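Q: As input, take work_12.cif (mmCIF, C-alpha atoms):
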data_final
loop_
_atom_site.label_atom_id
_atom_site.label_comp_id
_atom_site.auth_asym_id
_atom_site.auth_seq_id
_atom_site.Cartn_x
_atom_site.Cartn_y
_atom_site.Cartn_z
CA MET B 1 -19.83 -9.70 -19.69
CA ILE B 2 -16.26 -8.44 -19.53
CA LEU B 3 -14.61 -7.21 -22.73
CA ASP B 4 -11.07 -6.00 -23.38
CA GLY B 5 -11.40 -2.25 -22.95
CA PHE B 6 -8.39 -1.55 -25.13
CA ALA B 7 -9.93 -3.28 -28.19
CA ALA B 8 -11.59 -0.97 -30.73
CA LYS B 9 -14.54 -3.36 -31.16
CA SER B 10 -15.20 -3.30 -27.43
CA VAL B 11 -15.17 0.50 -27.32
CA ALA B 12 -17.56 0.68 -30.28
CA ALA B 13 -19.92 -1.82 -28.64
CA ALA B 14 -19.82 0.17 -25.40
CA ALA B 15 -20.67 3.43 -27.18
CA GLU B 16 -23.63 1.84 -28.96
CA ALA B 17 -24.89 0.38 -25.69
CA LEU B 18 -24.68 3.78 -24.00
CA ARG B 19 -26.52 5.50 -26.87
CA ALA B 20 -29.26 2.87 -26.55
CA GLY B 21 -29.72 3.68 -22.85
CA SER B 22 -27.85 0.73 -21.36
CA LEU B 23 -25.42 0.81 -18.45
CA LEU B 24 -21.69 0.15 -18.72
CA GLY B 25 -18.92 -0.80 -16.31
CA LEU B 26 -16.30 1.80 -17.21
CA PRO B 27 -12.69 1.95 -15.97
CA THR B 28 -11.28 5.30 -14.91
CA GLU B 29 -8.00 6.15 -13.21
CA THR B 30 -9.83 6.54 -9.86
CA VAL B 31 -12.33 3.65 -9.63
CA TYR B 32 -14.62 1.78 -12.04
CA GLY B 33 -17.85 3.62 -12.76
CA LEU B 34 -21.37 2.50 -13.58
CA ALA B 35 -21.86 4.68 -16.64
CA ALA B 36 -24.87 5.93 -18.60
CA ASP B 37 -25.76 8.81 -20.90
CA ALA B 38 -25.97 11.79 -18.54
CA GLU B 39 -28.87 13.28 -20.53
CA ASN B 40 -30.96 10.10 -20.71
CA ASP B 41 -33.25 10.24 -17.67
CA ALA B 42 -34.38 6.63 -18.05
CA ALA B 43 -30.78 5.42 -18.11
CA ILE B 44 -29.95 7.57 -15.09
CA ALA B 45 -32.88 6.00 -13.25
CA ARG B 46 -31.36 2.58 -14.01
CA ILE B 47 -28.12 3.66 -12.31
CA PHE B 48 -29.95 4.72 -9.16
CA ALA B 49 -31.97 1.49 -9.13
CA ALA B 50 -28.98 -0.79 -9.77
CA LYS B 51 -26.93 0.83 -7.00
CA GLY B 52 -29.79 1.27 -4.54
CA ARG B 53 -28.78 4.95 -4.47
CA PRO B 54 -31.18 7.75 -3.45
CA ALA B 55 -32.29 9.66 -6.54
CA ASP B 56 -31.41 13.00 -4.91
CA HIS B 57 -27.77 11.98 -4.38
CA PRO B 58 -26.07 13.50 -7.45
CA LEU B 59 -23.87 11.73 -9.96
CA ILE B 60 -20.62 13.03 -11.42
CA VAL B 61 -20.71 13.58 -15.18
CA HIS B 62 -17.59 12.62 -17.14
CA VAL B 63 -16.70 14.60 -20.27
CA LEU B 64 -14.05 14.07 -22.94
CA ASP B 65 -12.31 17.40 -22.40
CA ALA B 66 -12.90 21.02 -21.47
CA SER B 67 -15.07 21.56 -24.55
CA GLY B 68 -17.79 19.46 -22.93
CA VAL B 69 -18.14 21.76 -19.92
CA GLY B 70 -20.34 24.27 -21.75
CA ARG B 71 -22.87 21.53 -22.52
CA PHE B 72 -23.65 21.07 -18.82
CA ALA B 73 -22.45 24.19 -16.98
CA SER B 74 -23.88 27.68 -17.33
CA GLN B 75 -20.91 29.43 -15.78
CA VAL B 76 -17.24 28.65 -15.09
CA PRO B 77 -15.46 30.94 -12.62
CA ASP B 78 -11.92 32.03 -13.43
CA PHE B 79 -10.42 29.87 -10.69
CA ALA B 80 -12.30 26.83 -12.05
CA GLU B 81 -10.86 27.51 -15.52
CA LYS B 82 -7.40 27.44 -13.98
CA LEU B 83 -8.12 24.11 -12.32
CA ILE B 84 -9.39 22.63 -15.59
CA GLN B 85 -6.24 23.71 -17.40
CA ALA B 86 -3.97 22.37 -14.65
CA PHE B 87 -5.60 19.07 -13.69
CA TRP B 88 -7.75 17.80 -16.58
CA PRO B 89 -7.72 15.08 -17.61
CA GLY B 90 -7.28 13.76 -14.09
CA PRO B 91 -8.88 12.95 -10.74
CA LEU B 92 -10.54 16.31 -10.07
CA THR B 93 -14.30 16.99 -10.06
CA LEU B 94 -15.64 20.54 -10.21
CA ILE B 95 -19.13 21.46 -9.00
CA LEU B 96 -20.45 24.17 -11.34
CA PRO B 97 -23.80 25.93 -11.94
CA ARG B 98 -25.91 23.64 -14.16
CA ARG B 99 -27.45 24.77 -17.41
CA PRO B 100 -31.24 24.81 -17.03
CA GLY B 101 -32.94 21.81 -18.59
CA VAL B 102 -29.76 19.73 -18.90
CA ALA B 103 -28.99 16.54 -16.92
CA ALA B 104 -31.32 17.39 -14.03
CA ALA B 105 -31.76 13.72 -13.08
CA ALA B 106 -28.02 13.10 -13.04
CA ALA B 107 -27.59 16.18 -10.85
CA GLY B 108 -30.07 14.85 -8.30
CA GLY B 109 -32.39 17.75 -9.07
CA GLN B 110 -29.88 20.40 -8.00
CA ASN B 111 -29.01 23.58 -9.87
CA SER B 112 -25.36 22.52 -9.81
CA ILE B 113 -23.56 19.65 -11.51
CA GLY B 114 -20.30 17.79 -10.91
CA LEU B 115 -18.02 17.52 -13.96
CA ARG B 116 -14.82 15.55 -14.45
CA CYS B 117 -12.51 14.62 -17.33
CA PRO B 118 -11.00 11.16 -16.70
CA SER B 119 -7.47 10.38 -17.86
CA HIS B 120 -7.85 6.61 -18.26
CA PRO B 121 -7.31 5.74 -21.96
CA VAL B 122 -10.34 3.43 -22.07
CA ALA B 123 -12.62 6.08 -20.58
CA GLN B 124 -11.22 8.60 -23.04
CA ALA B 125 -11.80 6.23 -25.97
CA VAL B 126 -15.41 5.56 -24.93
CA LEU B 127 -16.18 9.26 -24.47
CA LYS B 128 -14.70 10.03 -27.87
CA ALA B 129 -16.70 7.23 -29.51
CA CYS B 130 -19.88 8.45 -27.82
CA LEU B 131 -19.45 11.89 -29.36
CA ALA B 132 -19.20 10.53 -32.91
CA PRO B 133 -22.74 10.39 -34.35
CA GLY B 134 -21.76 8.69 -37.59
CA ASP B 135 -24.11 9.24 -40.53
CA ASN B 136 -27.28 9.38 -38.45
CA PRO B 137 -27.57 12.19 -35.85
CA GLN B 138 -30.94 10.90 -34.60
CA PRO B 139 -31.41 8.61 -31.56
CA PRO B 140 -29.92 6.15 -30.87
CA HIS B 141 -27.00 7.54 -32.88
CA LYS B 142 -26.99 11.09 -31.55
CA PRO B 143 -23.84 12.25 -29.76
CA VAL B 144 -23.55 11.53 -26.06
CA TRP B 145 -21.83 14.54 -24.50
CA GLY B 146 -21.25 13.17 -21.04
CA LEU B 147 -21.43 9.99 -18.99
CA ALA B 148 -22.79 9.94 -15.49
CA ALA B 149 -20.62 7.34 -13.78
CA PRO B 150 -20.76 6.83 -10.02
CA SER B 151 -18.67 4.00 -8.59
CA ALA B 152 -19.87 0.61 -9.84
CA ASN B 153 -20.93 -0.86 -6.51
CA GLN B 154 -23.92 -1.00 -4.22
CA PHE B 155 -24.55 2.35 -2.58
CA GLY B 156 -22.36 3.02 0.46
CA ARG B 157 -20.13 0.01 -0.08
CA VAL B 158 -16.51 -0.37 -1.18
CA SER B 159 -15.73 1.02 -4.61
CA PRO B 160 -14.42 -1.33 -7.35
CA THR B 161 -10.92 -1.01 -8.77
CA THR B 162 -10.97 -3.99 -11.17
CA ALA B 163 -13.42 -5.31 -13.76
CA LYS B 164 -13.89 -8.46 -11.65
CA HIS B 165 -15.02 -6.31 -8.72
CA VAL B 166 -17.73 -4.79 -10.93
CA GLN B 167 -18.84 -8.19 -12.18
CA GLY B 168 -19.09 -9.38 -8.59
CA GLU B 169 -21.45 -6.50 -7.84
CA PHE B 170 -23.73 -6.67 -10.89
CA GLY B 171 -23.26 -10.09 -12.50
CA ASP B 172 -22.62 -11.24 -16.07
CA ASP B 173 -25.44 -9.28 -17.72
CA LEU B 174 -23.68 -5.92 -17.35
CA LEU B 175 -21.28 -4.99 -20.14
CA ILE B 176 -17.93 -4.16 -18.51
CA LEU B 177 -14.79 -2.89 -20.18
CA ASP B 178 -11.62 -4.22 -18.57
CA GLY B 179 -9.03 -1.47 -18.29
CA GLY B 180 -6.85 -3.15 -15.65
CA SER B 181 -6.48 -2.10 -12.03
CA CYS B 182 -7.19 1.57 -11.37
CA ALA B 183 -4.00 3.59 -11.00
CA VAL B 184 -5.29 6.05 -8.37
CA GLY B 185 -7.65 3.75 -6.47
CA ILE B 186 -9.81 6.29 -4.63
CA GLU B 187 -12.41 8.69 -5.99
CA SER B 188 -11.65 12.16 -7.31
CA THR B 189 -11.08 15.30 -5.30
CA ILE B 190 -14.26 17.42 -5.39
CA ILE B 191 -14.09 21.23 -5.44
CA ASP B 192 -17.29 23.27 -5.20
CA CYS B 193 -17.07 26.26 -7.55
CA THR B 194 -20.61 27.60 -7.04
CA ARG B 195 -20.09 29.91 -4.04
CA GLY B 196 -17.55 32.40 -5.32
CA VAL B 197 -14.56 30.69 -3.74
CA PRO B 198 -13.11 27.16 -4.10
CA VAL B 199 -14.47 24.83 -1.43
CA LEU B 200 -13.14 21.32 -0.78
CA LEU B 201 -16.03 18.85 -0.52
CA ARG B 202 -14.06 15.59 -0.80
CA PRO B 203 -10.28 15.04 -0.66
CA GLY B 204 -8.55 12.83 -3.18
CA ALA B 205 -5.27 12.34 -5.00
CA ILE B 206 -5.09 16.04 -5.90
CA SER B 207 -4.45 17.78 -2.59
CA ARG B 208 -5.92 20.94 -1.16
CA GLU B 209 -2.46 22.50 -1.34
CA GLN B 210 -2.14 21.71 -5.05
CA VAL B 211 -5.54 23.26 -5.74
CA GLN B 212 -4.63 26.37 -3.75
CA ALA B 213 -1.37 26.78 -5.66
CA VAL B 214 -3.23 26.78 -8.99
CA CYS B 215 -6.14 28.96 -7.84
CA GLY B 216 -3.92 31.51 -6.19
CA GLN B 217 -6.40 31.74 -3.32
CA PRO B 218 -7.29 29.71 -0.21
CA VAL B 219 -9.40 26.57 -0.62
CA LEU B 220 -12.01 26.62 2.11
CA SER B 221 -14.00 23.86 3.82
CA ASN B 222 -17.75 23.79 4.42
CA GLU B 223 -17.06 24.44 8.09
CA GLU B 224 -15.19 27.62 7.20
CA LEU B 225 -18.29 28.84 5.32
CA MET B 226 -20.72 28.16 8.16
CA THR B 227 -21.52 31.86 8.43
CA ASN B 228 -22.25 32.10 4.71
CA ASP B 229 -25.92 32.16 3.69
CA THR B 230 -25.29 29.92 0.67
CA GLN B 231 -25.90 26.21 1.11
CA ALA B 232 -23.34 23.61 0.10
CA PRO B 233 -24.43 21.46 -2.85
CA ARG B 234 -24.87 17.77 -2.28
CA ALA B 235 -21.96 15.81 -3.76
CA SER B 236 -20.96 12.21 -4.37
CA GLY B 237 -19.22 10.29 -1.59
CA THR B 238 -19.62 12.95 1.10
CA LEU B 239 -22.04 11.14 3.43
CA GLU B 240 -20.73 10.44 6.92
CA SER B 241 -20.94 6.68 6.31
CA HIS B 242 -19.63 5.45 2.97
CA TYR B 243 -17.05 3.16 1.30
CA ALA B 244 -17.81 0.47 3.88
CA PRO B 245 -17.00 -3.24 3.63
CA LYS B 246 -19.28 -5.85 5.18
CA ALA B 247 -16.84 -6.25 8.06
CA LYS B 248 -16.77 -3.66 10.85
CA VAL B 249 -13.88 -1.22 10.45
CA ARG B 250 -12.09 0.33 13.42
CA LEU B 251 -9.27 2.88 13.21
CA MET B 252 -6.60 3.08 15.92
CA ASP B 253 -2.99 4.09 16.30
CA ALA B 254 -0.24 1.47 16.10
CA ARG B 255 0.20 1.20 19.88
CA ALA B 256 -3.52 0.71 20.52
CA LEU B 257 -3.69 -1.83 17.73
CA GLN B 258 -0.84 -3.90 19.15
CA THR B 259 -2.29 -3.61 22.66
CA ALA B 260 -5.66 -4.91 21.43
CA LEU B 261 -3.97 -7.92 19.83
CA ASP B 262 -1.97 -8.58 23.02
CA VAL B 263 -5.07 -8.40 25.23
CA LEU B 264 -7.02 -10.82 23.06
CA GLY B 265 -4.03 -13.09 22.50
CA ALA B 266 -4.93 -16.63 21.51
CA ASP B 267 -8.47 -16.10 22.83
CA ILE B 268 -9.36 -14.78 19.39
CA ASP B 269 -9.25 -18.36 18.09
CA GLY B 270 -11.76 -19.62 20.63
CA ALA B 271 -14.10 -16.69 20.17
CA GLY B 272 -14.80 -17.64 16.58
CA LEU B 273 -13.79 -14.21 15.32
CA VAL B 274 -11.73 -13.59 12.22
CA ILE B 275 -9.85 -10.31 12.54
CA ALA B 276 -7.80 -8.56 9.89
CA THR B 277 -5.24 -5.84 10.42
CA TYR B 278 -3.95 -3.31 7.90
CA SER B 279 -1.06 -1.31 9.27
CA ARG B 280 2.26 0.33 8.54
CA ALA B 281 3.59 -0.94 11.88
CA ILE B 282 4.80 -4.52 12.14
CA LEU B 283 2.34 -6.30 14.44
CA THR B 284 2.65 -9.55 16.38
CA THR B 285 -0.06 -11.89 17.61
CA ARG B 286 -0.42 -15.34 19.14
CA SER B 287 -3.63 -15.98 17.23
CA SER B 288 -3.85 -17.98 14.03
CA LYS B 289 -7.08 -16.17 13.11
CA VAL B 290 -5.59 -12.74 12.51
CA LEU B 291 -4.99 -11.84 8.87
CA ARG B 292 -2.24 -9.24 8.69
CA ARG B 293 -1.71 -7.01 5.68
CA ARG B 294 1.06 -4.43 5.46
CA MET B 295 -0.03 -0.89 4.58
CA PRO B 296 2.51 0.89 2.35
CA ASP B 297 4.38 3.82 3.86
CA ASP B 298 3.51 5.82 0.75
CA ALA B 299 0.06 7.46 0.62
CA ALA B 300 -0.42 7.04 -3.14
CA ALA B 301 0.44 3.34 -2.98
CA THR B 302 -1.99 2.87 -0.10
CA ALA B 303 -4.77 4.64 -1.99
CA GLN B 304 -4.17 2.47 -5.06
CA GLN B 305 -4.69 -0.77 -3.12
CA LEU B 306 -7.05 0.32 -0.33
CA PHE B 307 -10.40 -0.76 -1.76
CA ALA B 308 -8.97 -4.00 -3.14
CA VAL B 309 -7.63 -4.84 0.34
CA LEU B 310 -11.01 -4.18 1.98
CA ARG B 311 -12.77 -6.31 -0.63
CA ASP B 312 -10.28 -9.12 -0.13
CA PHE B 313 -10.87 -9.11 3.63
CA ASP B 314 -14.63 -9.39 3.02
CA ALA B 315 -14.05 -12.27 0.59
CA GLN B 316 -12.12 -14.13 3.29
CA GLY B 317 -14.99 -13.85 5.76
CA VAL B 318 -13.38 -11.31 8.07
CA LYS B 319 -15.73 -9.83 10.67
CA LEU B 320 -13.50 -7.09 12.11
CA ILE B 321 -10.92 -4.97 10.31
CA TRP B 322 -8.49 -3.05 12.51
CA ILE B 323 -6.64 -0.35 10.59
CA GLU B 324 -3.78 1.85 11.68
CA THR B 325 -4.88 5.48 11.41
CA PRO B 326 -3.08 7.21 8.52
CA PRO B 327 -0.74 10.12 9.28
CA ASP B 328 -2.35 13.53 9.67
CA THR B 329 -0.53 15.03 6.68
CA PRO B 330 -1.95 16.45 3.41
CA GLU B 331 -0.87 13.58 1.16
CA TRP B 332 -2.87 11.15 3.31
CA ASP B 333 -6.09 13.22 3.35
CA GLY B 334 -7.88 11.11 0.71
CA VAL B 335 -7.07 7.77 2.35
CA ARG B 336 -7.92 9.09 5.81
CA ASP B 337 -11.27 10.43 4.53
CA ARG B 338 -12.26 7.08 3.01
CA LEU B 339 -11.31 5.14 6.13
CA GLN B 340 -13.14 7.50 8.48
CA ARG B 341 -16.31 7.13 6.41
CA ALA B 342 -15.86 3.34 6.21
CA SER B 343 -15.50 3.11 9.99
CA ALA B 344 -18.66 5.19 10.52
CA ALA B 345 -20.88 2.50 8.95
#
How does this structure look as structure tokens?

A:
Amino acid sequence: MILDGFAAKSVAAAAEALRAGSLLGLPTETVYGLAADAENDAAIARIFAAKGRPADHPLIVHVLDASGVGRFASQVPDFAEKLIQAFWPGPLTLILPRRPGVAAAAAGGQNSIGLRCPSHPVAQAVLKACLAPGDNPQPPHKPVWGLAAPSANQFGRVSPTTAKHVQGEFGDDLLILDGGSCAVGIESTIIDCTRGVPVLLRPGAISREQVQAVCGQPVLSNEELMTNDTQAPRASGTLESHYAPKAKVRLMDARALQTALDVLGADIDGAGLVIATYSRAILTTRSSKVLRRRMPDDAAATAQQLFAVLRDFDAQGVKLIWIETPPDTPEWDGVRDRLQRASAA
């Protein structure tokens, strides 16, 4: 069931459902999440079951503001404090040491936990409503301090950026708040703050360079810490294969893409294949079976529409999706990451 996420009655109903242990389709500025009380182990188990997600693959916990960090994290390094002040609310997740005995299921059993403060007004309203216990502080009216909310899709598949996408994944029985199309369109940047230095685990709308400027120190990669004895925490969306549509995705440069279309020519029609292209370059083809979609020249605009484009190709029965490789520049890191993982499926 889809409700208007901007209506006060809808927000109140969502908060009550979450307190009672139910799941919720929640809009954020990145993608729609499948939300549940981060401290309700039974509800967390429902998320893993609904998504078909391994129970040791951690979930990101969403909090209303910086005051919620102390509920879940035992320590916040100075550079992480700077990142919170600079980028929250917004599309940045910080991996921090987890308080013992808190949200272990949501953390996938790890001693660390991913925390984020979403900027979407509907997510903010729901988090605020969840914190208000009313006159009865006992369950199911106790405050909910954080919402575990992985992307609201089957594990490994394309993330949803509209309420309809979520409904298509989980049906009419799931309560979904409609907050419109997601403004960012790809998942948050993830910075590991558990190893003494900031480490980029997943790129997103907030770039490595932006994080470095705020931290005042280099942001490393896991590869750059290979000689370190500490092990990288598991984190959402960092598997080699992820974000994949049903169709097979292949990345290539514009020249190779045009050459492939020229070689196949009209033979595509007789082969019974439906091919889609998504490119910044203007492509030509003699086939009537090629669906062509123009990729914006701007990285942020591409990120905003990327998952919706992939879902639309699947809906049209496309079997192959040929995508022009994004530029190798910092602003394209998030889009390039998602497409590389989608093509690895």

Q: So what does the PyMOL selection byres ((chain B and resi 255) around 12) actually pick up in this one, as a list in words?

A: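 Selected by the PyMOL selection byres ((chain B and resi 255) around 12) in this file: Leu251, Met252, Asp253, Ala254, Ala256, Leu257, Gln258, Thr259, Ala260, Leu261, Asp262, Ser279, Arg280, Ala281, Ile282, Leu283, Thr284, Ile323, Glu324 and Thr325 of chain B.
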
Q: Output the residue selection produced by the PyMOL selection byres ((chain B and resi 76) around 10) on the file above, formatted as a list in words.

A: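 With the PyMOL selection byres ((chain B and resi 76) around 10) on this model, the match is Val69, Gly70, Ala73, Ser74, Gln75, Pro77, Asp78, Phe79, Ala80, Glu81, Lys82, Ile84, Leu94, Ile95, Leu96, Pro97, Cys193 and Thr194 of chain B.
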
Q: Need to verify the contact set: region 330-336 of chain B, 7 Å, only C-alpha atoms, exclusion of same-chain residues closer than 2 positions in sequence. Can you return it as a list in words?

A: Pro203, Gly204, Ala205, Ser207, Ala299, Ala303, Pro326, Pro327, Asp328, Arg338, Leu339 and Gln340 of chain B

Q: Using all atoms listed in the file, which residue out of B:Leu3, B:Leu174, B:Leu127, B:Val184 lies closest to Ala308 (chain B)?

A: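 Of the candidates, the smallest distance to Ala308 (chain B) is held by B:Val184.
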
Q: When you count all atoms listed in the file, which of these residues is closest to Tyr32 (chain B): B:Gln85, B:Ser10, B:Thr161, B:Gln316?

A: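 Selected residue with least distance to Tyr32 (chain B): B:Thr161.
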
Q: Please write the residues picked by the PyMOL selection byres ((chain B and resi 6) around 12) on this file as a ChimeraX atom specification.

A: /B:2-5,7-12,14,26-27,120-126,176-180

Q: Quick one: what's the axis-aligned box for region 103-118 of chain B, all listed atoms, 4 Å on every side, centre and edges in Å to one decimal, as lines of an AutoDock Vina configuration file?

A:
center_x = -21.7
center_y = 17.4
center_z = -12.7
size_x = 29.4
size_y = 20.4
size_z = 17.3

Q: If you count all atoms listed in the file, which residues fall within 6 Å of Cys182 (chain B), apart from same-chain ones fewer than 3 positions away, as a PyMOL selection string?

A: chain B and resi 29-31+161+185

Q: Would you compute the distance between CA of Met1 (chain B) and CA of Ser22 (chain B)? Give it in Å to one decimal.

A: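 Answer for the CA of Met1 (chain B) to CA of Ser22 (chain B) separation: 13.3 Å.
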
Q: Smallest atom-to-atom distance to Thr189 (chain B): which of B:Gln167, B:Thr93, B:Ser159, B:Thr285, using all atoms listed in the file?

A: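 Looking only at the distances to Thr189 (chain B), the closest residue turns out to be B:Thr93.
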
Q: Taking only C-alpha atoms into account, which of B:Gly108, B:Gly146, B:Gly33, B:Gly25 comes nearest Ala66 (chain B)?

A: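 The closest residue to Ala66 (chain B) is B:Gly146.
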
Q: State, in Å with one decimal place, the distance from CA of Pro218 (chain B) to CA of Ser151 (chain B).

A: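 We find that CA of Pro218 (chain B) and CA of Ser151 (chain B) lie 29.3 Å from each other.
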
Q: Quick one: residues within 6 Å of region 288-296 of chain B, all atoms listed in the file counted, chain neighbours fewer than 2 positions away excluded, as a PyMOL selection string?

A: chain B and resi 269+274-280+298+302

Q: Could you jot down the CA of Leu59 (chain B) to CA of Ala106 (chain B) separation for me, Å, one decimal place?

A: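 Value for the CA of Leu59 (chain B)-CA of Ala106 (chain B) distance: 5.3 Å.
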
Q: Could you list, as a PyMOL selection string, every residue within 12 Å of Arg46 (chain B), counting all atoms listed in the file and ignoring same-chain residues fewer than 6 positions away?

A: chain B and resi 21-24+34-38+40+52-55+105-106+148-149+174

Q: Let me make sure I understand: among B:Asp297, B:Phe170, B:Gln210, B:Ala20, which one has the smallest atom-to-atom distance to Ala43 (chain B) if we use only C-alpha atoms?

A: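 Distance minimum relative to Ala43 (chain B) lands on B:Ala20.
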
Q: Could you pull the residues within 12 Å of Asp192 (chain B), counting only C-alpha atoms, minus those fewer than 5 positions along the same chain, as a CSV table (one decimal) with C-alpha atoms, keeping the file's coordinate frame?

A:
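What ended up in out.csv:
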chain,number,residue,atom,x,y,z
B,76,VAL,CA,-17.2,28.6,-15.1
B,77,PRO,CA,-15.5,30.9,-12.6
B,79,PHE,CA,-10.4,29.9,-10.7
B,80,ALA,CA,-12.3,26.8,-12.0
B,83,LEU,CA,-8.1,24.1,-12.3
B,92,LEU,CA,-10.5,16.3,-10.1
B,93,THR,CA,-14.3,17.0,-10.1
B,94,LEU,CA,-15.6,20.5,-10.2
B,95,ILE,CA,-19.1,21.5,-9.0
B,96,LEU,CA,-20.4,24.2,-11.3
B,97,PRO,CA,-23.8,25.9,-11.9
B,112,SER,CA,-25.4,22.5,-9.8
B,113,ILE,CA,-23.6,19.6,-11.5
B,114,GLY,CA,-20.3,17.8,-10.9
B,115,LEU,CA,-18.0,17.5,-14.0
B,197,VAL,CA,-14.6,30.7,-3.7
B,198,PRO,CA,-13.1,27.2,-4.1
B,199,VAL,CA,-14.5,24.8,-1.4
B,200,LEU,CA,-13.1,21.3,-0.8
B,201,LEU,CA,-16.0,18.8,-0.5
B,202,ARG,CA,-14.1,15.6,-0.8
B,203,PRO,CA,-10.3,15.0,-0.7
B,211,VAL,CA,-5.5,23.3,-5.7
B,219,VAL,CA,-9.4,26.6,-0.6
B,220,LEU,CA,-12.0,26.6,2.1
B,221,SER,CA,-14.0,23.9,3.8
B,222,ASN,CA,-17.8,23.8,4.4
B,225,LEU,CA,-18.3,28.8,5.3
B,230,THR,CA,-25.3,29.9,0.7
B,231,GLN,CA,-25.9,26.2,1.1
B,232,ALA,CA,-23.3,23.6,0.1
B,233,PRO,CA,-24.4,21.5,-2.8
B,234,ARG,CA,-24.9,17.8,-2.3
B,235,ALA,CA,-22.0,15.8,-3.8
B,236,SER,CA,-21.0,12.2,-4.4

Q: For Gln212 (chain B), which of B:Val249, B:Ala13, B:Ala86, B:Val61 is the closest residue, counting only C-alpha atoms?

A: B:Ala86
